[in-house]
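Here is the file input_4.pdb (PDB, N, CA, C and O atoms, pLDDT in the B column).
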ATOM      1  N   MET A   1     115.370 107.691 143.980  1.00 44.00           N
ATOM      2  CA  MET A   1     114.180 107.186 144.658  1.00 44.00           C
ATOM      3  C   MET A   1     113.033 108.211 144.542  1.00 44.00           C
ATOM      4  O   MET A   1     113.238 109.398 144.742  1.00 44.00           O
ATOM      5  N   ALA A   2     111.855 107.767 144.230  1.00 48.00           N
ATOM      6  CA  ALA A   2     110.710 108.663 144.068  1.00 48.00           C
ATOM      7  C   ALA A   2     110.252 109.200 145.420  1.00 48.00           C
ATOM      8  O   ALA A   2     110.276 108.502 146.422  1.00 48.00           O
ATOM      9  N   GLU A   3     109.837 110.458 145.394  1.00 47.00           N
ATOM     10  CA  GLU A   3     109.338 111.066 146.634  1.00 47.00           C
ATOM     11  C   GLU A   3     107.901 110.635 146.873  1.00 47.00           C
ATOM     12  O   GLU A   3     107.049 110.782 146.013  1.00 47.00           O
ATOM     13  N   LYS A   4     107.640 110.110 148.060  1.00 51.00           N
ATOM     14  CA  LYS A   4     106.287 109.647 148.384  1.00 51.00           C
ATOM     15  C   LYS A   4     105.376 110.796 148.794  1.00 51.00           C
ATOM     16  O   LYS A   4     104.175 110.702 148.681  1.00 51.00           O
ATOM     17  N   ASN A   5     105.949 111.896 149.270  1.00 51.00           N
ATOM     18  CA  ASN A   5     105.137 113.022 149.719  1.00 51.00           C
ATOM     19  C   ASN A   5     104.770 113.972 148.589  1.00 51.00           C
ATOM     20  O   ASN A   5     104.216 115.024 148.821  1.00 51.00           O
ATOM     21  N   ASN A   6     105.119 113.629 147.379  1.00 53.00           N
ATOM     22  CA  ASN A   6     104.844 114.485 146.233  1.00 53.00           C
ATOM     23  C   ASN A   6     103.485 114.138 145.624  1.00 53.00           C
ATOM     24  O   ASN A   6     103.392 113.758 144.468  1.00 53.00           O
ATOM     25  N   LYS A   7     102.436 114.265 146.420  1.00 57.00           N
ATOM     26  CA  LYS A   7     101.087 113.924 145.962  1.00 57.00           C
ATOM     27  C   LYS A   7     100.501 115.100 145.184  1.00 57.00           C
ATOM     28  O   LYS A   7     100.583 116.234 145.617  1.00 57.00           O
ATOM     29  N   LYS A   8      99.911 114.785 144.048  1.00 66.00           N
ATOM     30  CA  LYS A   8      99.231 115.812 143.272  1.00 66.00           C
ATOM     31  C   LYS A   8      97.763 115.798 143.664  1.00 66.00           C
ATOM     32  O   LYS A   8      97.191 114.744 143.925  1.00 66.00           O
ATOM     33  N   LYS A   9      97.148 116.983 143.671  1.00 75.00           N
ATOM     34  CA  LYS A   9      95.717 117.040 143.968  1.00 75.00           C
ATOM     35  C   LYS A   9      94.956 116.414 142.816  1.00 75.00           C
ATOM     36  O   LYS A   9      95.188 116.722 141.663  1.00 75.00           O
ATOM     37  N   LYS A  10      94.051 115.527 143.175  1.00 82.00           N
ATOM     38  CA  LYS A  10      93.239 114.833 142.185  1.00 82.00           C
ATOM     39  C   LYS A  10      92.126 115.763 141.693  1.00 82.00           C
ATOM     40  O   LYS A  10      91.502 116.458 142.483  1.00 82.00           O
ATOM     41  N   GLU A  11      91.919 115.759 140.390  1.00 91.00           N
ATOM     42  CA  GLU A  11      90.800 116.514 139.822  1.00 91.00           C
ATOM     43  C   GLU A  11      89.494 115.884 140.292  1.00 91.00           C
ATOM     44  O   GLU A  11      89.360 114.666 140.265  1.00 91.00           O
ATOM     45  N   LEU A  12      88.554 116.702 140.711  1.00 91.00           N
ATOM     46  CA  LEU A  12      87.259 116.175 141.147  1.00 91.00           C
ATOM     47  C   LEU A  12      86.398 115.851 139.930  1.00 91.00           C
ATOM     48  O   LEU A  12      86.239 116.667 139.035  1.00 91.00           O
ATOM     49  N   THR A  13      85.864 114.649 139.928  1.00 94.00           N
ATOM     50  CA  THR A  13      84.957 114.236 138.857  1.00 94.00           C
ATOM     51  C   THR A  13      83.543 114.694 139.232  1.00 94.00           C
ATOM     52  O   THR A  13      83.281 115.038 140.392  1.00 94.00           O
ATOM     53  N   PRO A  14      82.620 114.671 138.264  1.00 93.00           N
ATOM     54  CA  PRO A  14      81.228 115.002 138.605  1.00 93.00           C
ATOM     55  C   PRO A  14      80.675 114.110 139.720  1.00 93.00           C
ATOM     56  O   PRO A  14      79.920 114.575 140.571  1.00 93.00           O
ATOM     57  N   ASP A  15      81.074 112.829 139.733  1.00 94.00           N
ATOM     58  CA  ASP A  15      80.618 111.923 140.800  1.00 94.00           C
ATOM     59  C   ASP A  15      81.194 112.346 142.154  1.00 94.00           C
ATOM     60  O   ASP A  15      80.500 112.279 143.171  1.00 94.00           O
ATOM     61  N   ASP A  16      82.459 112.770 142.180  1.00 94.00           N
ATOM     62  CA  ASP A  16      83.065 113.241 143.428  1.00 94.00           C
ATOM     63  C   ASP A  16      82.310 114.457 143.957  1.00 94.00           C
ATOM     64  O   ASP A  16      82.038 114.559 145.153  1.00 94.00           O
ATOM     65  N   ILE A  17      81.971 115.374 143.053  1.00 95.00           N
ATOM     66  CA  ILE A  17      81.252 116.586 143.449  1.00 95.00           C
ATOM     67  C   ILE A  17      79.882 116.227 144.003  1.00 95.00           C
ATOM     68  O   ILE A  17      79.460 116.747 145.040  1.00 95.00           O
ATOM     69  N   MET A  18      79.190 115.293 143.335  1.00 96.00           N
ATOM     70  CA  MET A  18      77.872 114.863 143.802  1.00 96.00           C
ATOM     71  C   MET A  18      77.974 114.210 145.178  1.00 96.00           C
ATOM     72  O   MET A  18      77.152 114.454 146.059  1.00 96.00           O
ATOM     73  N   LYS A  19      78.992 113.385 145.361  1.00 96.00           N
ATOM     74  CA  LYS A  19      79.192 112.698 146.641  1.00 96.00           C
ATOM     75  C   LYS A  19      79.399 113.722 147.764  1.00 96.00           C
ATOM     76  O   LYS A  19      78.822 113.588 148.842  1.00 96.00           O
ATOM     77  N   LEU A  20      80.193 114.742 147.493  1.00 96.00           N
ATOM     78  CA  LEU A  20      80.423 115.794 148.485  1.00 96.00           C
ATOM     79  C   LEU A  20      79.129 116.553 148.794  1.00 96.00           C
ATOM     80  O   LEU A  20      78.836 116.850 149.963  1.00 96.00           O
ATOM     81  N   GLU A  21      78.366 116.864 147.762  1.00 96.00           N
ATOM     82  CA  GLU A  21      77.093 117.579 147.952  1.00 96.00           C
ATOM     83  C   GLU A  21      76.129 116.765 148.811  1.00 96.00           C
ATOM     84  O   GLU A  21      75.493 117.290 149.726  1.00 96.00           O
ATOM     85  N   ILE A  22      76.025 115.475 148.533  1.00 97.00           N
ATOM     86  CA  ILE A  22      75.114 114.616 149.288  1.00 97.00           C
ATOM     87  C   ILE A  22      75.579 114.473 150.731  1.00 97.00           C
ATOM     88  O   ILE A  22      74.769 114.553 151.658  1.00 97.00           O
ATOM     89  N   ALA A  23      76.878 114.290 150.931  1.00 97.00           N
ATOM     90  CA  ALA A  23      77.409 114.187 152.298  1.00 97.00           C
ATOM     91  C   ALA A  23      77.083 115.456 153.078  1.00 97.00           C
ATOM     92  O   ALA A  23      76.717 115.399 154.252  1.00 97.00           O
ATOM     93  N   ARG A  24      77.189 116.600 152.416  1.00 97.00           N
ATOM     94  CA  ARG A  24      76.862 117.880 153.064  1.00 97.00           C
ATOM     95  C   ARG A  24      75.372 117.948 153.386  1.00 97.00           C
ATOM     96  O   ARG A  24      74.984 118.334 154.488  1.00 97.00           O
ATOM     97  N   GLU A  25      74.537 117.542 152.425  1.00 96.00           N
ATOM     98  CA  GLU A  25      73.076 117.589 152.603  1.00 96.00           C
ATOM     99  C   GLU A  25      72.606 116.729 153.769  1.00 96.00           C
ATOM    100  O   GLU A  25      71.670 117.104 154.470  1.00 96.00           O
ATOM    101  N   ILE A  26      73.236 115.569 153.969  1.00 97.00           N
ATOM    102  CA  ILE A  26      72.769 114.671 155.032  1.00 97.00           C
ATOM    103  C   ILE A  26      73.587 114.818 156.317  1.00 97.00           C
ATOM    104  O   ILE A  26      73.453 114.011 157.238  1.00 97.00           O
ATOM    105  N   GLY A  27      74.431 115.849 156.367  1.00 97.00           N
ATOM    106  CA  GLY A  27      75.129 116.177 157.609  1.00 97.00           C
ATOM    107  C   GLY A  27      76.346 115.328 157.935  1.00 97.00           C
ATOM    108  O   GLY A  27      76.683 115.171 159.111  1.00 97.00           O
ATOM    109  N   LEU A  28      77.015 114.796 156.917  1.00 96.00           N
ATOM    110  CA  LEU A  28      78.177 113.939 157.174  1.00 96.00           C
ATOM    111  C   LEU A  28      79.518 114.601 156.845  1.00 96.00           C
ATOM    112  O   LEU A  28      80.565 113.995 157.041  1.00 96.00           O
ATOM    113  N   MET A  29      79.503 115.838 156.364  1.00 96.00           N
ATOM    114  CA  MET A  29      80.760 116.463 155.940  1.00 96.00           C
ATOM    115  C   MET A  29      81.754 116.649 157.088  1.00 96.00           C
ATOM    116  O   MET A  29      82.960 116.479 156.890  1.00 96.00           O
ATOM    117  N   ASP A  30      81.267 116.975 158.279  1.00 96.00           N
ATOM    118  CA  ASP A  30      82.188 117.129 159.416  1.00 96.00           C
ATOM    119  C   ASP A  30      82.934 115.828 159.674  1.00 96.00           C
ATOM    120  O   ASP A  30      84.140 115.818 159.908  1.00 96.00           O
ATOM    121  N   LYS A  31      82.202 114.725 159.617  1.00 96.00           N
ATOM    122  CA  LYS A  31      82.809 113.415 159.853  1.00 96.00           C
ATOM    123  C   LYS A  31      83.799 113.068 158.738  1.00 96.00           C
ATOM    124  O   LYS A  31      84.885 112.555 158.998  1.00 96.00           O
ATOM    125  N   VAL A  32      83.440 113.376 157.492  1.00 95.00           N
ATOM    126  CA  VAL A  32      84.322 113.102 156.360  1.00 95.00           C
ATOM    127  C   VAL A  32      85.601 113.935 156.476  1.00 95.00           C
ATOM    128  O   VAL A  32      86.701 113.428 156.261  1.00 95.00           O
ATOM    129  N   GLU A  33      85.453 115.208 156.833  1.00 95.00           N
ATOM    130  CA  GLU A  33      86.622 116.078 156.967  1.00 95.00           C
ATOM    131  C   GLU A  33      87.529 115.623 158.100  1.00 95.00           C
ATOM    132  O   GLU A  33      88.742 115.718 157.993  1.00 95.00           O
ATOM    133  N   GLU A  34      86.945 115.114 159.165  1.00 96.00           N
ATOM    134  CA  GLU A  34      87.731 114.685 160.328  1.00 96.00           C
ATOM    135  C   GLU A  34      88.384 113.317 160.116  1.00 96.00           C
ATOM    136  O   GLU A  34      89.564 113.126 160.406  1.00 96.00           O
ATOM    137  N   LEU A  35      87.618 112.356 159.584  1.00 96.00           N
ATOM    138  CA  LEU A  35      88.084 110.972 159.500  1.00 96.00           C
ATOM    139  C   LEU A  35      88.377 110.487 158.084  1.00 96.00           C
ATOM    140  O   LEU A  35      88.934 109.400 157.921  1.00 96.00           O
ATOM    141  N   GLY A  36      87.954 111.243 157.093  1.00 95.00           N
ATOM    142  CA  GLY A  36      88.075 110.788 155.711  1.00 95.00           C
ATOM    143  C   GLY A  36      86.892 109.890 155.353  1.00 95.00           C
ATOM    144  O   GLY A  36      86.096 109.520 156.212  1.00 95.00           O
ATOM    145  N   TRP A  37      86.815 109.529 154.069  1.00 94.00           N
ATOM    146  CA  TRP A  37      85.691 108.703 153.617  1.00 94.00           C
ATOM    147  C   TRP A  37      85.693 107.344 154.296  1.00 94.00           C
ATOM    148  O   TRP A  37      84.643 106.754 154.535  1.00 94.00           O
ATOM    149  N   GLY A  38      86.854 106.831 154.632  1.00 95.00           N
ATOM    150  CA  GLY A  38      86.967 105.536 155.292  1.00 95.00           C
ATOM    151  C   GLY A  38      86.426 105.524 156.709  1.00 95.00           C
ATOM    152  O   GLY A  38      86.211 104.469 157.288  1.00 95.00           O
ATOM    153  N   GLY A  39      86.183 106.700 157.272  1.00 96.00           N
ATOM    154  CA  GLY A  39      85.652 106.801 158.623  1.00 96.00           C
ATOM    155  C   GLY A  39      84.142 106.672 158.695  1.00 96.00           C
ATOM    156  O   GLY A  39      83.575 106.609 159.787  1.00 96.00           O
ATOM    157  N   LEU A  40      83.492 106.623 157.547  1.00 96.00           N
ATOM    158  CA  LEU A  40      82.036 106.472 157.532  1.00 96.00           C
ATOM    159  C   LEU A  40      81.661 105.014 157.745  1.00 96.00           C
ATOM    160  O   LEU A  40      82.391 104.106 157.371  1.00 96.00           O
ATOM    161  N   THR A  41      80.489 104.809 158.329  1.00 97.00           N
ATOM    162  CA  THR A  41      79.988 103.448 158.499  1.00 97.00           C
ATOM    163  C   THR A  41      79.463 102.938 157.156  1.00 97.00           C
ATOM    164  O   THR A  41      79.218 103.720 156.228  1.00 97.00           O
ATOM    165  N   ALA A  42      79.270 101.636 157.068  1.00 97.00           N
ATOM    166  CA  ALA A  42      78.715 101.044 155.848  1.00 97.00           C
ATOM    167  C   ALA A  42      77.328 101.612 155.569  1.00 97.00           C
ATOM    168  O   ALA A  42      76.968 101.868 154.416  1.00 97.00           O
ATOM    169  N   LYS A  43      76.569 101.845 156.617  1.00 97.00           N
ATOM    170  CA  LYS A  43      75.221 102.398 156.462  1.00 97.00           C
ATOM    171  C   LYS A  43      75.278 103.803 155.864  1.00 97.00           C
ATOM    172  O   LYS A  43      74.514 104.138 154.959  1.00 97.00           O
ATOM    173  N   GLU A  44      76.205 104.626 156.364  1.00 97.00           N
ATOM    174  CA  GLU A  44      76.343 105.999 155.863  1.00 97.00           C
ATOM    175  C   GLU A  44      76.818 105.994 154.407  1.00 97.00           C
ATOM    176  O   GLU A  44      76.285 106.732 153.573  1.00 97.00           O
ATOM    177  N   THR A  45      77.785 105.149 154.106  1.00 96.00           N
ATOM    178  CA  THR A  45      78.304 105.051 152.747  1.00 96.00           C
ATOM    179  C   THR A  45      77.210 104.571 151.795  1.00 96.00           C
ATOM    180  O   THR A  45      77.066 105.098 150.689  1.00 96.00           O
ATOM    181  N   GLY A  46      76.438 103.590 152.227  1.00 97.00           N
ATOM    182  CA  GLY A  46      75.343 103.082 151.414  1.00 97.00           C
ATOM    183  C   GLY A  46      74.274 104.124 151.172  1.00 97.00           C
ATOM    184  O   GLY A  46      73.695 104.197 150.080  1.00 97.00           O
ATOM    185  N   ARG A  47      74.034 104.946 152.164  1.00 97.00           N
ATOM    186  CA  ARG A  47      73.033 106.008 152.007  1.00 97.00           C
ATOM    187  C   ARG A  47      73.485 107.004 150.946  1.00 97.00           C
ATOM    188  O   ARG A  47      72.694 107.421 150.094  1.00 97.00           O
ATOM    189  N   ILE A  48      74.770 107.376 150.991  1.00 97.00           N
ATOM    190  CA  ILE A  48      75.304 108.297 149.988  1.00 97.00           C
ATOM    191  C   ILE A  48      75.207 107.663 148.603  1.00 97.00           C
ATOM    192  O   ILE A  48      74.751 108.297 147.648  1.00 97.00           O
ATOM    193  N   GLY A  49      75.608 106.407 148.472  1.00 96.00           N
ATOM    194  CA  GLY A  49      75.542 105.706 147.188  1.00 96.00           C
ATOM    195  C   GLY A  49      74.123 105.602 146.658  1.00 96.00           C
ATOM    196  O   GLY A  49      73.881 105.793 145.463  1.00 96.00           O
ATOM    197  N   GLY A  50      73.191 105.309 147.544  1.00 97.00           N
ATOM    198  CA  GLY A  50      71.789 105.207 147.134  1.00 97.00           C
ATOM    199  C   GLY A  50      71.232 106.531 146.650  1.00 97.00           C
ATOM    200  O   GLY A  50      70.519 106.592 145.641  1.00 97.00           O
ATOM    201  N   LEU A  51      71.573 107.604 147.339  1.00 97.00           N
ATOM    202  CA  LEU A  51      71.110 108.930 146.925  1.00 97.00           C
ATOM    203  C   LEU A  51      71.763 109.353 145.612  1.00 97.00           C
ATOM    204  O   LEU A  51      71.124 109.992 144.776  1.00 97.00           O
ATOM    205  N   MET A  52      73.031 108.980 145.420  1.00 96.00           N
ATOM    206  CA  MET A  52      73.702 109.277 144.145  1.00 96.00           C
ATOM    207  C   MET A  52      73.000 108.559 143.001  1.00 96.00           C
ATOM    208  O   MET A  52      72.745 109.148 141.948  1.00 96.00           O
ATOM    209  N   THR A  53      72.675 107.289 143.214  1.00 96.00           N
ATOM    210  CA  THR A  53      71.997 106.502 142.182  1.00 96.00           C
ATOM    211  C   THR A  53      70.639 107.109 141.852  1.00 96.00           C
ATOM    212  O   THR A  53      70.269 107.233 140.680  1.00 96.00           O
ATOM    213  N   ALA A  54      69.898 107.514 142.882  1.00 96.00           N
ATOM    214  CA  ALA A  54      68.580 108.115 142.664  1.00 96.00           C
ATOM    215  C   ALA A  54      68.696 109.414 141.866  1.00 96.00           C
ATOM    216  O   ALA A  54      67.903 109.663 140.948  1.00 96.00           O
ATOM    217  N   LYS A  55      69.699 110.242 142.195  1.00 94.00           N
ATOM    218  CA  LYS A  55      69.885 111.505 141.467  1.00 94.00           C
ATOM    219  C   LYS A  55      70.254 111.244 140.011  1.00 94.00           C
ATOM    220  O   LYS A  55      69.773 111.939 139.112  1.00 94.00           O
ATOM    221  N   LYS A  56      71.103 110.243 139.770  1.00 92.00           N
ATOM    222  CA  LYS A  56      71.510 109.931 138.405  1.00 92.00           C
ATOM    223  C   LYS A  56      70.314 109.438 137.578  1.00 92.00           C
ATOM    224  O   LYS A  56      70.161 109.812 136.419  1.00 92.00           O
ATOM    225  N   LYS A  57      69.477 108.601 138.187  1.00 93.00           N
ATOM    226  CA  LYS A  57      68.292 108.105 137.479  1.00 93.00           C
ATOM    227  C   LYS A  57      67.340 109.255 137.144  1.00 93.00           C
ATOM    228  O   LYS A  57      66.766 109.297 136.068  1.00 93.00           O
ATOM    229  N   LYS A  58      67.189 110.175 138.107  1.00 91.00           N
ATOM    230  CA  LYS A  58      66.292 111.315 137.898  1.00 91.00           C
ATOM    231  C   LYS A  58      66.789 112.197 136.767  1.00 91.00           C
ATOM    232  O   LYS A  58      66.005 112.711 135.976  1.00 91.00           O
ATOM    233  N   ARG A  59      68.107 112.356 136.664  1.00 88.00           N
ATOM    234  CA  ARG A  59      68.693 113.199 135.599  1.00 88.00           C
ATOM    235  C   ARG A  59      68.467 112.594 134.226  1.00 88.00           C
ATOM    236  O   ARG A  59      68.339 113.318 133.247  1.00 88.00           O
ATOM    237  N   LYS A  60      68.456 111.260 134.133  1.00 85.00           N
ATOM    238  CA  LYS A  60      68.310 110.603 132.836  1.00 85.00           C
ATOM    239  C   LYS A  60      66.905 110.735 132.268  1.00 85.00           C
ATOM    240  O   LYS A  60      66.701 110.613 131.077  1.00 85.00           O
ATOM    241  N   LYS A  61      65.923 110.972 133.130  1.00 76.00           N
ATOM    242  CA  LYS A  61      64.525 111.068 132.690  1.00 76.00           C
ATOM    243  C   LYS A  61      64.262 112.358 131.958  1.00 76.00           C
ATOM    244  O   LYS A  61      64.879 113.325 132.033  1.00 76.00           O
TER     245      LYS A  61
END
Transcribe the structure of this file into structure tokens.
Amino acid sequence: MAEKNNKKKKELTPDDIMKLEIAREIGLMDKVEELGWGGLTAKETGRIGGLMTAKKKKRKK
């Protein structure tokens, strides 16, 4: 039987790093650390997604 507690740490992608940076910038890291990403409201999640999209568009220019 496979061990369920044998979780490997996931490599952070550039998007994961950006998401963490934005959460830190807008003051949500404490909440993320305490509750996980699922603990954020739809409004908070949307704000992070919107800021990520804006940063990606700015980088392409």
Spatial neighbours of region 44-53 of chain A, max dist 7 Å, only N, CA, C and O atoms, sep filter under 4 positions, as a PyMOL selection string
chain A and resi 18-19+22-23+37+40+57-59
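In this structure, atom O of Lys56 (chain A) sits 24.9 Å away from atom N of Gly38 (chain A).
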If you run DSSP over the backbone, which residues in chain A end up alpha helix (DSSP H)? Put them as a ChimeraX atom specification.
/A:14-25,29-35,42-60
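Distance-wise, atom N of Glu11 (chain A) and CA of Asp30 (chain A) end up 21.4 Å apart.
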What does the distance between CA of Gly39 (chain A) and atom N of Lys10 (chain A) come to in Å, to one decimal place?
19.6 Å
With 6 Å added on each side, what axis-aligned box encloses every listed atom of region 47-52 of chain A? Give the centre and edge lengths in Å to one decimal, as JSON.
{"center_x": 73.1, "center_y": 107.5, "center_z": 147.1, "size_x": 17.1, "size_y": 17.0, "size_z": 22.2}
